[in-house]
Amino acid sequence: MTFVFQMTLCARFLLLFAIFPSLAFAEKVNFLLPQTSSENAETVTIPVEWNESWFGEKPSTVYNHDLARVACYFSDAAYASVLENPHDNVLFDAYKKIGIKESDIEAKYAIDYTDAMWGNDQCAFSIASKKIKSSLGMQTLIFVVIRGTPLNANEWISNLNINNTNKMQEALHKGFAAAANIIHTALISYMLRRSINPTDAFLFVTGHSRGGAVSNVLSTIVLEDDFFKHENIYTYTFAAPNVTTSEHFDDEKYGFIWNIVNAEDIVPTVPMNREKWKFHKFGHTLAFSNQANTDSRIYIEEIVPKINEIYEKLSGREYKPFTTGPFVPIVVTRLVEKLSGDVEKYYSGAVALHEKATNLMLKLFPEKKDENDEEKPEESDGGLGSWLVSYLNRRTNGLVDYVKLALADMHSNDVYLSYMLALDENAAFSDLGYSLVVVKGYEEFAVFDSEENLMARVIDGKIIYSDMKFPIILCPALGKNVIVGYPSSMDFKIYITDEALISTPANLDIEYFDAAGVYKLSEPKYIYPRMFRVYSAVGVASMKAHGQNTTSTVTALTNCFVKIYVRTEQLRATSTSQVAHLSAFLTIGASSASI
């Protein structure tokens with residue numbers, strides 16, 4: 001009986017490993033990264049779980065948060081100084097720690113931007129491979145890790161190369177597509193020289209920023225090769241800009257591509273997707289949680305402290321989020337779209353944005369005359385600029401300095417890694433959308449929340465910033481317009497009036513965006529305010545665009561902004577608190593008297 005009992009335990013043990021193969025190979029790998037605030041090249045240990053049996057366990061069209069964490073680490077490590085320390089850098093160290101031999105690592109980091117064929121449209125990358133114990137047995141795993149934009153003008157100029165050839169909108173961003181084709185050729189060569197059969201291999205592709213965009217395009221090229229089994233291609237991109245104008249960007253066949261973005265980051269929103277600009281990323285897009293798309297208390301008290309536990313180790317300081325969700329990227333891309341109506345005008349319009357941006361990159365990253373000719377930063381003389389910054393910081397309680405850090409953090413690869421490692425899948429992402437109300441003209445208006453608390457006011461076309469309360473955000477726009485931004489989950493009311501005796505038309509555009517700040521549609525509203533008349537509209541929760549098709553999204557949004565009051569007399573039946581707010585808002589004598 002004892003023997004039978006022991007055999008039963010053994011059988012149960014083997015059965016456990018058969019059902020949960022990940023238990024057999026899971027391990028914590030202590031990867032390294034340089035601390036960005038350190039002047040002495042100090043490194044930080046980053047524990048990341050690594051499990052070979054993730055590959056083949058589920059199709060790549062199923063999101064794997066653990067695998068995404070590994071991808072995010074490698075996309076961060078891709079910024080390593082491979083040329084300075086070819087045998088001792090964090091990228092090579094990471095490859096070796098998961099069992100890849102240095103002889104199986106190929107890194108292309110020495111780039112000749114004067115190359116007659118490719119010029120600036122190149123990027124650094126590495127390819128590595130090893131035999132792994134996948135869930136499907138012993139197979140080859142191939143890594144392709146693509147570096148983001150370095151501190152030189154060349155690749156920044158390539159980022160601006162939407163289509164320098166004929167200056168028209170085409171299916172792919174030319175700068176990213178050219179780099180992807182270079183890596184595609186290198187990948188085929190790598191497999192041929194090592195006799196790797198792609199039909200019996202896994203491909204793991206990742207990159208941050210420019211590296212993410214090139215990864216996105218490269219993955220579609222590899223897909224069209226039809227060498228790899230589609231379910232064996234695993235692509236995770238981070239902070240990737242948009243790459244394609246194809247209407248089929250979200251087709252099921254691209255379901256193995258997972259694009260992870262910070263909705264407060266401007267980079268993933270360009271080139272734009274609004275009006276005549278039609279750019280997207282292939283595959284799925286997941287947006288990080290932020291203060292505008294999740295519970296504000298949970299974000300402040302739970303999410304940010306967890307992120308800071310890792311980010312402070314990497315950067316030496318706290319994470320500085322905008323806390324406004326996709327509002328800043330939306331406003332910036334909206335402005336760029338107004339200045340450059342389409343790709344052709346981006347190159348040759350009155351603003352000539354491409355030329356100006358290129359010149360800016362050349363000034364920001366001047367070419368060194370000699371390897372030893374390092375640019376020394378100019379010492380501040382405490383002049384007018386320093387005085388102005390100090391003055392504004394005093395008046396705004398340090399807001400200027402905070403915004404400078406927030407602009408850096410919104411796109412930082414270290415921030416992306418901190419998010420991924422600190423939070424599980426449920427906490428890391430949100431699919432709650434965002435909305436804008438664009439009030440056109442100099443109408444006066446006020447915004448109230450569902451409990452009739454005043455959230456914002458505009459008087460004589462001027463925003464009263466002292467009255468503005470989060471999460472409502474107001475900012476001026478071109479053409480005497482005011483933009484009101486708010487999370488799509490928020491219930492609010494907006495009251496609009498005008499001091500004119502004769503009705504004058506007022507135009508409101510309600511714009512809807514998904515959690516990543518991608519423009520979905522707009523809904524115009526026309527009213528005719530005048531003295532003695534107040535219009536009120538109500539905004540209702542919202543939009544969870546992720547996973548919905550366009551038709552269902554439109555259906556869900558058509559009733560999100562509904563006119564509920566027409567004349568001032570109708571306000572007499574409302575609550576005392578509401579009338580008090582409106583009396584304070586409608587400072588024009590006749591209108592206040594009528595209330």
# chains A, B, ... in the order shown; residues from 1 in each chain; ligands from 1
>>> residues_around(residues="Val343 of chain A", least_positions_apart="5", cutoff="8 Å", atoms="only C-alpha atoms", output="MDAnalysis selection string")
chainID A and resid 162 167:169 277
>>> write_last_selection(atoms="N, CA and C atoms", output="mmCIF file, in the first residue's frame")
data_model
loop_
_atom_site.group_PDB
_atom_site.id
_atom_site.type_symbol
_atom_site.label_atom_id
_atom_site.label_comp_id
_atom_site.auth_asym_id
_atom_site.auth_seq_id
_atom_site.Cartn_x
_atom_site.Cartn_y
_atom_site.Cartn_z
ATOM 1 N N ILE A 162 7.810 61.293 -43.156
ATOM 2 C CA ILE A 162 6.543 60.619 -43.438
ATOM 3 C C ILE A 162 6.539 60.127 -44.878
ATOM 4 N N LYS A 167 6.122 63.462 -51.048
ATOM 5 C CA LYS A 167 5.406 64.391 -50.162
ATOM 6 C C LYS A 167 3.894 64.191 -50.200
ATOM 7 N N MET A 168 3.476 62.950 -50.305
ATOM 8 C CA MET A 168 2.061 62.596 -50.299
ATOM 9 C C MET A 168 1.825 61.504 -49.254
ATOM 10 N N GLN A 169 0.593 61.373 -48.820
ATOM 11 C CA GLN A 169 0.252 60.336 -47.857
ATOM 12 C C GLN A 169 0.191 58.981 -48.546
ATOM 13 N N TRP A 277 -5.529 63.399 -41.955
ATOM 14 C CA TRP A 277 -4.437 62.550 -41.476
ATOM 15 C C TRP A 277 -5.048 61.227 -41.024
#
>>> residues_around(residues="Ala201 of chain A", least_positions_apart="6", cutoff="9 Å", atoms="only C-alpha atoms", output="ChimeraX atom specification")
/A:139-142,228-229,232-233
>>> write_last_selection(atoms="all heavy atoms", output="mmCIF file, in the first residue's frame")
data_model
loop_
_atom_site.group_PDB
_atom_site.id
_atom_site.type_symbol
_atom_site.label_atom_id
_atom_site.label_comp_id
_atom_site.auth_asym_id
_atom_site.auth_seq_id
_atom_site.Cartn_x
_atom_site.Cartn_y
_atom_site.Cartn_z
ATOM 1 N N GLN A 139 12.395 24.196 -29.460
ATOM 2 C CA GLN A 139 12.334 25.000 -30.678
ATOM 3 C C GLN A 139 13.278 26.185 -30.533
ATOM 4 O O GLN A 139 13.750 26.497 -29.445
ATOM 5 C CB GLN A 139 10.895 25.472 -30.953
ATOM 6 C CG GLN A 139 9.932 24.347 -31.293
ATOM 7 C CD GLN A 139 8.656 24.858 -31.958
ATOM 8 O OE1 GLN A 139 8.542 26.027 -32.296
ATOM 9 N NE2 GLN A 139 7.698 23.964 -32.140
ATOM 10 N N THR A 140 13.508 26.869 -31.634
ATOM 11 C CA THR A 140 14.392 28.035 -31.626
ATOM 12 C C THR A 140 13.590 29.294 -31.342
ATOM 13 O O THR A 140 12.509 29.490 -31.895
ATOM 14 C CB THR A 140 15.117 28.185 -32.973
ATOM 15 O OG1 THR A 140 15.880 27.001 -33.225
ATOM 16 C CG2 THR A 140 16.051 29.385 -32.956
ATOM 17 N N LEU A 141 14.120 30.129 -30.478
ATOM 18 C CA LEU A 141 13.538 31.442 -30.209
ATOM 19 C C LEU A 141 14.486 32.496 -30.753
ATOM 20 O O LEU A 141 15.672 32.501 -30.442
ATOM 21 C CB LEU A 141 13.333 31.648 -28.710
ATOM 22 C CG LEU A 141 12.940 33.071 -28.260
ATOM 23 C CD1 LEU A 141 11.600 33.479 -28.852
ATOM 24 C CD2 LEU A 141 12.916 33.161 -26.735
ATOM 25 N N ILE A 142 13.948 33.402 -31.563
ATOM 26 C CA ILE A 142 14.745 34.494 -32.142
ATOM 27 C C ILE A 142 14.280 35.820 -31.552
ATOM 28 O O ILE A 142 13.087 36.144 -31.597
ATOM 29 C CB ILE A 142 14.603 34.542 -33.676
ATOM 30 C CG1 ILE A 142 14.962 33.190 -34.299
ATOM 31 C CG2 ILE A 142 15.485 35.651 -34.260
ATOM 32 C CD1 ILE A 142 14.637 33.104 -35.771
ATOM 33 N N PHE A 228 7.212 32.246 -40.805
ATOM 34 C CA PHE A 228 6.862 31.868 -39.445
ATOM 35 C C PHE A 228 5.365 31.542 -39.362
ATOM 36 O O PHE A 228 4.553 32.121 -40.088
ATOM 37 C CB PHE A 228 7.155 33.016 -38.472
ATOM 38 C CG PHE A 228 8.603 33.300 -38.257
ATOM 39 C CD1 PHE A 228 9.281 34.182 -39.090
ATOM 40 C CD2 PHE A 228 9.299 32.695 -37.222
ATOM 41 C CE1 PHE A 228 10.621 34.453 -38.897
ATOM 42 C CE2 PHE A 228 10.649 32.965 -37.021
ATOM 43 C CZ PHE A 228 11.315 33.841 -37.862
ATOM 44 N N LYS A 229 5.023 30.620 -38.479
ATOM 45 C CA LYS A 229 3.607 30.428 -38.181
ATOM 46 C C LYS A 229 3.110 31.704 -37.507
ATOM 47 O O LYS A 229 3.757 32.236 -36.607
ATOM 48 C CB LYS A 229 3.424 29.230 -37.248
ATOM 49 C CG LYS A 229 3.815 27.894 -37.861
ATOM 50 C CD LYS A 229 3.700 26.765 -36.843
ATOM 51 C CE LYS A 229 4.149 25.446 -37.462
ATOM 52 N NZ LYS A 229 4.129 24.327 -36.486
ATOM 53 N N ASN A 232 3.163 32.161 -33.882
ATOM 54 C CA ASN A 232 4.480 32.088 -33.249
ATOM 55 C C ASN A 232 5.258 33.396 -33.331
ATOM 56 O O ASN A 232 6.436 33.441 -32.961
ATOM 57 C CB ASN A 232 5.317 30.966 -33.881
ATOM 58 C CG ASN A 232 4.852 29.587 -33.447
ATOM 59 O OD1 ASN A 232 3.922 29.460 -32.656
ATOM 60 N ND2 ASN A 232 5.482 28.552 -33.963
ATOM 61 N N ILE A 233 4.625 34.463 -33.820
ATOM 62 C CA ILE A 233 5.258 35.789 -33.849
ATOM 63 C C ILE A 233 4.714 36.585 -32.672
ATOM 64 O O ILE A 233 3.498 36.815 -32.573
ATOM 65 C CB ILE A 233 4.985 36.537 -35.163
ATOM 66 C CG1 ILE A 233 5.338 35.676 -36.381
ATOM 67 C CG2 ILE A 233 5.767 37.845 -35.199
ATOM 68 C CD1 ILE A 233 4.914 36.286 -37.701
#
>>> select_by_dssp(residues="segment 192-380 of chain A", states="strand (DSSP E or B)", output="PyMOL selection string")
chain A and resi 201-208+233-238+244+257-261+273-274+277-278+280+284-288
>>> write_last_selection(atoms="N, CA, C and O atoms", output="short mmCIF file (atom, residue, chain, number, x, y, z; two decimals), in the first residue's frame")
data_model
loop_
_atom_site.label_atom_id
_atom_site.label_comp_id
_atom_site.auth_asym_id
_atom_site.auth_seq_id
_atom_site.Cartn_x
_atom_site.Cartn_y
_atom_site.Cartn_z
N ALA A 201 10.12 27.81 -35.44
CA ALA A 201 10.77 28.77 -34.55
C ALA A 201 9.76 29.82 -34.08
O ALA A 201 8.70 30.01 -34.68
N PHE A 202 10.13 30.48 -32.99
CA PHE A 202 9.36 31.61 -32.47
C PHE A 202 10.14 32.89 -32.74
O PHE A 202 11.37 32.91 -32.67
N LEU A 203 9.39 33.96 -33.04
CA LEU A 203 10.01 35.27 -33.26
C LEU A 203 9.47 36.23 -32.23
O LEU A 203 8.25 36.38 -32.06
N PHE A 204 10.37 36.90 -31.52
CA PHE A 204 10.02 37.83 -30.45
C PHE A 204 10.58 39.20 -30.82
O PHE A 204 11.80 39.38 -30.88
N VAL A 205 9.71 40.18 -31.09
CA VAL A 205 10.12 41.49 -31.59
C VAL A 205 9.68 42.57 -30.61
O VAL A 205 8.53 42.56 -30.15
N THR A 206 10.58 43.51 -30.32
CA THR A 206 10.21 44.58 -29.39
C THR A 206 11.05 45.83 -29.63
O THR A 206 12.12 45.77 -30.24
N GLY A 207 10.56 46.95 -29.14
CA GLY A 207 11.28 48.22 -29.24
C GLY A 207 10.47 49.33 -28.60
O GLY A 207 9.25 49.20 -28.42
N HIS A 208 11.14 50.41 -28.24
CA HIS A 208 10.51 51.57 -27.63
C HIS A 208 10.61 52.76 -28.57
O HIS A 208 11.62 52.95 -29.24
N ILE A 233 4.63 34.46 -33.82
CA ILE A 233 5.26 35.79 -33.85
C ILE A 233 4.71 36.59 -32.67
O ILE A 233 3.50 36.81 -32.57
N TYR A 234 5.59 37.00 -31.78
CA TYR A 234 5.20 37.76 -30.58
C TYR A 234 5.81 39.16 -30.68
O TYR A 234 7.03 39.30 -30.64
N THR A 235 4.96 40.16 -30.82
CA THR A 235 5.44 41.54 -30.94
C THR A 235 4.84 42.41 -29.85
O THR A 235 3.61 42.47 -29.71
N TYR A 236 5.70 43.07 -29.09
CA TYR A 236 5.27 44.02 -28.06
C TYR A 236 6.03 45.32 -28.27
O TYR A 236 7.26 45.35 -28.20
N THR A 237 5.30 46.39 -28.56
CA THR A 237 5.93 47.69 -28.77
C THR A 237 5.56 48.64 -27.63
O THR A 237 4.50 48.48 -27.00
N PHE A 238 6.39 49.64 -27.41
CA PHE A 238 6.18 50.60 -26.32
C PHE A 238 6.39 52.02 -26.84
O PHE A 238 7.41 52.31 -27.46
N THR A 244 0.92 53.62 -40.21
CA THR A 244 0.24 53.24 -41.44
C THR A 244 -1.07 53.98 -41.64
O THR A 244 -1.72 54.39 -40.67
N ILE A 257 0.31 41.65 -32.58
CA ILE A 257 1.04 42.88 -32.27
C ILE A 257 0.33 43.61 -31.14
O ILE A 257 -0.85 43.95 -31.25
N TRP A 258 1.06 43.85 -30.06
CA TRP A 258 0.52 44.55 -28.90
C TRP A 258 1.29 45.85 -28.69
O TRP A 258 2.48 45.83 -28.38
N ASN A 259 0.61 46.96 -28.90
CA ASN A 259 1.22 48.29 -28.75
C ASN A 259 0.81 48.88 -27.41
O ASN A 259 -0.37 49.12 -27.16
N ILE A 260 1.77 49.11 -26.55
CA ILE A 260 1.50 49.62 -25.21
C ILE A 260 1.91 51.09 -25.16
O ILE A 260 3.05 51.43 -25.51
N VAL A 261 0.97 51.95 -24.76
CA VAL A 261 1.22 53.39 -24.80
C VAL A 261 0.82 54.04 -23.48
O VAL A 261 -0.05 53.55 -22.76
N ASN A 273 -4.23 60.94 -36.42
CA ASN A 273 -5.40 60.30 -37.01
C ASN A 273 -6.60 61.22 -36.78
O ASN A 273 -7.36 61.04 -35.84
N ARG A 274 -6.74 62.22 -37.61
CA ARG A 274 -7.91 63.09 -37.58
C ARG A 274 -7.96 63.89 -38.87
O ARG A 274 -6.93 64.20 -39.47
N TRP A 277 -5.53 63.40 -41.96
CA TRP A 277 -4.44 62.55 -41.48
C TRP A 277 -5.05 61.23 -41.02
O TRP A 277 -5.93 61.21 -40.18
N LYS A 278 -4.54 60.11 -41.54
CA LYS A 278 -5.19 58.81 -41.29
C LYS A 278 -4.22 57.75 -40.77
O LYS A 278 -4.24 56.61 -41.20
N HIS A 280 -2.34 55.12 -38.17
CA HIS A 280 -2.62 54.20 -37.07
C HIS A 280 -1.40 53.32 -36.83
O HIS A 280 -0.40 53.40 -37.54
N HIS A 284 -3.21 45.60 -31.82
CA HIS A 284 -3.93 46.11 -30.65
C HIS A 284 -3.15 47.26 -30.01
O HIS A 284 -1.92 47.29 -30.07
N THR A 285 -3.88 48.15 -29.35
CA THR A 285 -3.25 49.19 -28.54
C THR A 285 -3.82 49.16 -27.14
O THR A 285 -5.04 49.17 -26.96
N LEU A 286 -2.94 49.10 -26.15
CA LEU A 286 -3.33 49.12 -24.75
C LEU A 286 -2.80 50.41 -24.12
O LEU A 286 -1.64 50.76 -24.32
N ALA A 287 -3.66 51.10 -23.36
CA ALA A 287 -3.28 52.38 -22.76
C ALA A 287 -3.12 52.23 -21.25
O ALA A 287 -3.97 51.63 -20.57
N PHE A 288 -2.03 52.79 -20.74
CA PHE A 288 -1.80 52.76 -19.30
C PHE A 288 -2.91 53.48 -18.54
O PHE A 288 -3.51 54.44 -19.03
#
>>> residues_around(residues="Glu511 of chain A", least_positions_apart="6", cutoff="9 Å", atoms="only C-alpha atoms", output="PDB file with all heavy atoms, in the first residue's frame")
ATOM      1  N   TYR A 434     -11.855  59.492 -23.620  1.00  0.00           N
ATOM      2  CA  TYR A 434     -11.734  60.900 -23.244  1.00  0.00           C
ATOM      3  C   TYR A 434     -12.532  61.725 -24.246  1.00  0.00           C
ATOM      4  O   TYR A 434     -12.760  61.291 -25.386  1.00  0.00           O
ATOM      5  CB  TYR A 434     -10.266  61.330 -23.259  1.00  0.00           C
ATOM      6  CG  TYR A 434      -9.983  62.580 -22.471  1.00  0.00           C
ATOM      7  CD1 TYR A 434      -9.845  62.526 -21.089  1.00  0.00           C
ATOM      8  CD2 TYR A 434      -9.849  63.815 -23.092  1.00  0.00           C
ATOM      9  CE1 TYR A 434      -9.576  63.670 -20.347  1.00  0.00           C
ATOM     10  CE2 TYR A 434      -9.583  64.964 -22.360  1.00  0.00           C
ATOM     11  CZ  TYR A 434      -9.444  64.882 -20.991  1.00  0.00           C
ATOM     12  OH  TYR A 434      -9.191  66.018 -20.259  1.00  0.00           O
ATOM     13  N   SER A 435     -12.964  62.911 -23.825  1.00  0.00           N
ATOM     14  CA  SER A 435     -13.777  63.751 -24.702  1.00  0.00           C
ATOM     15  C   SER A 435     -13.372  65.217 -24.583  1.00  0.00           C
ATOM     16  O   SER A 435     -12.808  65.640 -23.570  1.00  0.00           O
ATOM     17  CB  SER A 435     -15.263  63.616 -24.351  1.00  0.00           C
ATOM     18  OG  SER A 435     -15.686  62.278 -24.472  1.00  0.00           O
ATOM     19  N   LEU A 436     -13.674  65.955 -25.635  1.00  0.00           N
ATOM     20  CA  LEU A 436     -13.482  67.404 -25.642  1.00  0.00           C
ATOM     21  C   LEU A 436     -14.770  68.079 -26.066  1.00  0.00           C
ATOM     22  O   LEU A 436     -15.517  67.551 -26.901  1.00  0.00           O
ATOM     23  CB  LEU A 436     -12.400  67.832 -26.638  1.00  0.00           C
ATOM     24  CG  LEU A 436     -10.958  67.362 -26.483  1.00  0.00           C
ATOM     25  CD1 LEU A 436     -10.111  68.008 -27.573  1.00  0.00           C
ATOM     26  CD2 LEU A 436     -10.400  67.686 -25.123  1.00  0.00           C
ATOM     27  N   VAL A 437     -15.024  69.245 -25.501  1.00  0.00           N
ATOM     28  CA  VAL A 437     -16.030  70.162 -26.039  1.00  0.00           C
ATOM     29  C   VAL A 437     -15.274  71.395 -26.502  1.00  0.00           C
ATOM     30  O   VAL A 437     -14.580  72.036 -25.711  1.00  0.00           O
ATOM     31  CB  VAL A 437     -17.083  70.554 -24.998  1.00  0.00           C
ATOM     32  CG1 VAL A 437     -18.067  71.566 -25.592  1.00  0.00           C
ATOM     33  CG2 VAL A 437     -17.835  69.333 -24.507  1.00  0.00           C
ATOM     34  N   VAL A 438     -15.355  71.693 -27.789  1.00  0.00           N
ATOM     35  CA  VAL A 438     -14.695  72.873 -28.336  1.00  0.00           C
ATOM     36  C   VAL A 438     -15.754  73.955 -28.504  1.00  0.00           C
ATOM     37  O   VAL A 438     -16.649  73.843 -29.360  1.00  0.00           O
ATOM     38  CB  VAL A 438     -14.015  72.564 -29.685  1.00  0.00           C
ATOM     39  CG1 VAL A 438     -13.271  73.792 -30.186  1.00  0.00           C
ATOM     40  CG2 VAL A 438     -13.060  71.384 -29.543  1.00  0.00           C
ATOM     41  N   TYR A 519      -8.387  59.716 -31.975  1.00  0.00           N
ATOM     42  CA  TYR A 519      -9.622  60.380 -32.383  1.00  0.00           C
ATOM     43  C   TYR A 519     -10.592  59.381 -33.008  1.00  0.00           C
ATOM     44  O   TYR A 519     -10.215  58.562 -33.844  1.00  0.00           O
ATOM     45  CB  TYR A 519      -9.287  61.484 -33.381  1.00  0.00           C
ATOM     46  CG  TYR A 519     -10.480  62.174 -34.003  1.00  0.00           C
ATOM     47  CD1 TYR A 519     -11.194  63.141 -33.300  1.00  0.00           C
ATOM     48  CD2 TYR A 519     -10.890  61.868 -35.296  1.00  0.00           C
ATOM     49  CE1 TYR A 519     -12.286  63.780 -33.877  1.00  0.00           C
ATOM     50  CE2 TYR A 519     -11.965  62.502 -35.878  1.00  0.00           C
ATOM     51  CZ  TYR A 519     -12.669  63.456 -35.176  1.00  0.00           C
ATOM     52  OH  TYR A 519     -13.740  64.077 -35.746  1.00  0.00           O
ATOM     53  N   LYS A 520     -11.852  59.433 -32.576  1.00  0.00           N
ATOM     54  CA  LYS A 520     -12.872  58.534 -33.109  1.00  0.00           C
ATOM     55  C   LYS A 520     -13.883  59.275 -33.987  1.00  0.00           C
ATOM     56  O   LYS A 520     -14.107  58.914 -35.123  1.00  0.00           O
ATOM     57  CB  LYS A 520     -13.591  57.820 -31.961  1.00  0.00           C
ATOM     58  CG  LYS A 520     -12.709  56.806 -31.233  1.00  0.00           C
ATOM     59  CD  LYS A 520     -12.244  55.719 -32.182  1.00  0.00           C
ATOM     60  CE  LYS A 520     -11.364  54.704 -31.500  1.00  0.00           C
ATOM     61  NZ  LYS A 520     -10.856  53.676 -32.431  1.00  0.00           N
ATOM     62  N   LEU A 521     -14.504  60.289 -33.460  1.00  0.00           N
ATOM     63  CA  LEU A 521     -15.479  61.048 -34.226  1.00  0.00           C
ATOM     64  C   LEU A 521     -15.811  62.343 -33.501  1.00  0.00           C
ATOM     65  O   LEU A 521     -15.434  62.532 -32.344  1.00  0.00           O
ATOM     66  CB  LEU A 521     -16.768  60.240 -34.434  1.00  0.00           C
ATOM     67  CG  LEU A 521     -17.614  59.986 -33.182  1.00  0.00           C
ATOM     68  CD1 LEU A 521     -19.090  59.966 -33.543  1.00  0.00           C
ATOM     69  CD2 LEU A 521     -17.222  58.674 -32.528  1.00  0.00           C
ATOM     70  N   SER A 522     -16.514  63.237 -34.168  1.00  0.00           N
ATOM     71  CA  SER A 522     -16.963  64.470 -33.545  1.00  0.00           C
ATOM     72  C   SER A 522     -18.421  64.687 -33.864  1.00  0.00           C
ATOM     73  O   SER A 522     -18.942  64.189 -34.871  1.00  0.00           O
ATOM     74  CB  SER A 522     -16.135  65.669 -34.020  1.00  0.00           C
ATOM     75  OG  SER A 522     -16.276  65.851 -35.418  1.00  0.00           O
ATOM     76  N   GLU A 523     -19.077  65.436 -33.009  1.00  0.00           N
ATOM     77  CA  GLU A 523     -20.502  65.706 -33.150  1.00  0.00           C
ATOM     78  C   GLU A 523     -20.727  67.214 -32.991  1.00  0.00           C
ATOM     79  O   GLU A 523     -20.511  67.762 -31.910  1.00  0.00           O
ATOM     80  CB  GLU A 523     -21.271  64.922 -32.078  1.00  0.00           C
ATOM     81  CG  GLU A 523     -22.777  65.097 -32.135  1.00  0.00           C
ATOM     82  CD  GLU A 523     -23.453  64.375 -30.985  1.00  0.00           C
ATOM     83  OE1 GLU A 523     -22.755  63.735 -30.188  1.00  0.00           O
ATOM     84  OE2 GLU A 523     -24.679  64.479 -30.881  1.00  0.00           O
ATOM     85  N   PRO A 524     -21.132  67.923 -34.034  1.00  0.00           N
ATOM     86  CA  PRO A 524     -21.343  69.370 -33.915  1.00  0.00           C
ATOM     87  C   PRO A 524     -22.681  69.702 -33.256  1.00  0.00           C
ATOM     88  O   PRO A 524     -23.669  68.973 -33.419  1.00  0.00           O
ATOM     89  CB  PRO A 524     -21.325  69.841 -35.373  1.00  0.00           C
ATOM     90  CG  PRO A 524     -21.818  68.658 -36.152  1.00  0.00           C
ATOM     91  CD  PRO A 524     -21.331  67.437 -35.410  1.00  0.00           C
TER      92      PRO A 524
END
>>> closest_residue(among="A:Val222, A:Thr323, A:Ala186, A:Ser134", to="Arg297 of chain A", atoms="only C-alpha atoms")
A:Thr323
>>> residues_around(residues="Asp112 of chain A", least_positions_apart="6", cutoff="12 Å", atoms="only C-alpha atoms", output="ChimeraX atom specification")
/A:118-124,154-155
>>> atom_distance(atom1="atom CA of Leu223 of chain A", atom2="atom CA of Ala71 of chain A")
19.2 Å
>>> select_by_dssp(residues="segment 141-329 of chain A", states="alpha helix (DSSP H)", output="PyMOL selection string")
chain A and resi 153-159+174-193+210-225+296-298+304-315+327-329
>>> atom_distance(atom1="atom CA of Asp265 of chain A", atom2="atom CA of Ala428 of chain A")
15.4 Å
>>> residues_around(residues="Ile307 of chain A", least_positions_apart="4", cutoff="7 Å", atoms="only C-alpha atoms", output="PyMOL selection string")
chain A and resi 303+311+418-419+422
>>> closest_residue(among="A:Ala239, A:Leu454, A:Ala128, A:Ala213", to="Leu187 of chain A", atoms="only C-alpha atoms")
A:Ala128
>>> closest_residue(among="A:Pro86, A:Gly441, A:Pro321, A:Gly56", to="Ala110 of chain A", atoms="only C-alpha atoms")
A:Pro86
>>> atom_distance(atom1="atom CA of Tyr512 of chain A", atom2="atom CA of Ser488 of chain A")
8.2 Å
>>> residues_around(residues="Ile100 of chain A", least_positions_apart="6", cutoff="12 Å", atoms="only C-alpha atoms", output="PyMOL selection string")
chain A and resi 91-94+106+127-132+140-143
